[in-house]
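Engineer: Below is a structure I'd like to ask you about.
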Amino acid sequence: MTDTQFSAVLFDLDGTLVDTAIDMIHALATLADKHQIEHNLNVSEFRQYISKGAVALVKSVFNDPPAELLESLRKEYLEIYQQQLNTHSKLFDGIAEMIKHLDQNRIPWGIVTNKPSWLAKPVVAAINELKTTKVLICADEVGVAKPDPKPLLLAAEKMNINPATTLYLGDAQSDIDGAHNAGMQSAVAMWGYLAPEDRVEEWGAGYQIHCTSDLDRLIKHKNLS
């Protein structure tokens with residue numbers, strides 16, 4: 001850990017701020033049913049793989065199909081997911097209070113996600129507590145995804161914040177690698193979509209945040225005001 005005082009906080013979306021697992025897994029089950037693929041898509045078991053992305057989810061059900069079919073299935077899956085986008089999605093416990101703490105202390109915060117903008121924007125717009133975000137940066141609008149640093153650096157530029165004193169919180173190795181590549185501080189949201197094989201201790205994150213109150217205490221310790 002460092003003694004750097006954070007000037008801002010950036011967040012991943014799925015698995016960090018918003019629990020989208022139920023809607024995403026239900027959409028995957030619908031896709032499997034349409035193609036008459038037998039499955040046992042239990043939400044509690046599959047939620048840990050959400051952060052791996054749509055391609056990995058499709059592969060898990062369709063047994064690693066050829067590239068052309070995989071791309072077709074990926075598109076179909078996301079279209080199904082779009083139709084039920086905000087059916088069950090909600091903030092994780094404590095996120096609303098954490099955002100209120102940031103806002104009250106005038107700590108700028110934003111969202112940087114690999115989720116496509118046509119899916120991310122409706123999710124964010126539907127949750128009133130997220131309205132004070134300074135930016136919503138989506139990979140498809142930038143042209144590259146995390147761990148490439150460009151989305152994070154674009155957020156820093158738009159928010160006029162220093163990457164070196166910015167904390168990025170996410171629940172995937174690509175989030176932590178992206179933060180490092182952008183010269184930012186990093187933290188893992190331990191409530192997120194972490195799989196048993198994820199070796200979080202090897203990701204090199206500066207912090208492991210087990211609940212949102214941990215982040216509040218970290219912010220107070222760093223005197224963010």
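How things are named: the first chain in the structure tokens is A, the next is B, and so on; residues count from 1 in each chain; ligands count from 1 in the order shown.
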Write out as a PyMOL selection string the residues lying within 12 Å of Ser44 (chain A), counting only C-alpha atoms and excluding same-chain residues fewer than 6 positions away.
Structural biologist: chain A and resi 21-22+25-26+50+193-195
Engineer: Write out as a VMD selection string all residues of region 7-214 of chain A that backbone DSSP assigns to strand (DSSP E).
Structural biologist: chain A and resid 8 to 11 18 to 19 90 to 91 109 to 113 136 to 138 166 to 170 185 to 189 207 to 209
Engineer: Go ahead and write the selection's residues with C-alpha atoms as a PDB file, in the first residue's frame.
Structural biologist:
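The resulting result.pdb:
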ATOM      1  CA  ALA A   8     -10.806  10.691  -7.393  1.00  0.00           C
ATOM      2  CA  VAL A   9     -12.314   7.212  -7.623  1.00  0.00           C
ATOM      3  CA  LEU A  10     -13.233   5.271 -10.764  1.00  0.00           C
ATOM      4  CA  PHE A  11     -15.391   2.148 -10.768  1.00  0.00           C
ATOM      5  CA  VAL A  18     -24.260  -3.090 -10.066  1.00  0.00           C
ATOM      6  CA  ASP A  19     -25.281  -6.726  -9.665  1.00  0.00           C
ATOM      7  CA  LYS A  90     -29.555  -3.456  -8.713  1.00  0.00           C
ATOM      8  CA  LEU A  91     -26.765  -1.802  -6.753  1.00  0.00           C
ATOM      9  CA  TRP A 109     -16.061   9.625  -9.287  1.00  0.00           C
ATOM     10  CA  GLY A 110     -16.796   7.957 -12.578  1.00  0.00           C
ATOM     11  CA  ILE A 111     -17.496   4.640 -14.291  1.00  0.00           C
ATOM     12  CA  VAL A 112     -15.234   2.840 -16.772  1.00  0.00           C
ATOM     13  CA  THR A 113     -16.603  -0.413 -18.161  1.00  0.00           C
ATOM     14  CA  LEU A 136     -19.405   6.796 -18.159  1.00  0.00           C
ATOM     15  CA  ILE A 137     -16.658   5.467 -20.410  1.00  0.00           C
ATOM     16  CA  CYS A 138     -17.496   2.324 -22.428  1.00  0.00           C
ATOM     17  CA  THR A 166      -6.903   8.109  -8.776  1.00  0.00           C
ATOM     18  CA  LEU A 167      -8.178   4.812  -7.339  1.00  0.00           C
ATOM     19  CA  TYR A 168      -9.817   2.302  -9.705  1.00  0.00           C
ATOM     20  CA  LEU A 169     -12.055  -0.352  -8.141  1.00  0.00           C
ATOM     21  CA  GLY A 170     -13.023  -3.469 -10.111  1.00  0.00           C
ATOM     22  CA  GLN A 185      -3.983   2.969  -7.828  1.00  0.00           C
ATOM     23  CA  SER A 186      -6.050  -0.233  -7.817  1.00  0.00           C
ATOM     24  CA  ALA A 187      -8.451  -2.126  -5.579  1.00  0.00           C
ATOM     25  CA  VAL A 188     -10.441  -5.371  -5.934  1.00  0.00           C
ATOM     26  CA  ALA A 189     -14.162  -5.411  -5.085  1.00  0.00           C
ATOM     27  CA  TYR A 207      -6.146  -2.998  -1.815  1.00  0.00           C
ATOM     28  CA  GLN A 208      -8.766  -5.704  -1.365  1.00  0.00           C
ATOM     29  CA  ILE A 209     -12.120  -4.141  -0.502  1.00  0.00           C
TER      30      ILE A 209
END
Engineer: With distances taken over only C-alpha atoms, which of A:Ala29, A:Ala156, A:Ala205, A:Ile127 is nearest to Phe92 (chain A)?
Structural biologist: A:Ile127
Engineer: Please measure the separation of CA of Ser174 (chain A) and CA of His210 (chain A), giving the value in Å to one decimal.
Structural biologist: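 Interatomic distance, CA of Ser174 (chain A) to CA of His210 (chain A): 18.7 Å.
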Engineer: Find the residues around region 71-88 of chain A up to 10 Å (only C-alpha atoms counted), leave out those fewer than 2 positions away in its own chain, and share them as a VMD selection string.
Structural biologist: chain A and resid 19 to 32 35 53 to 59 62 65 to 69 90 116 118 to 120 122 to 124 126 to 127
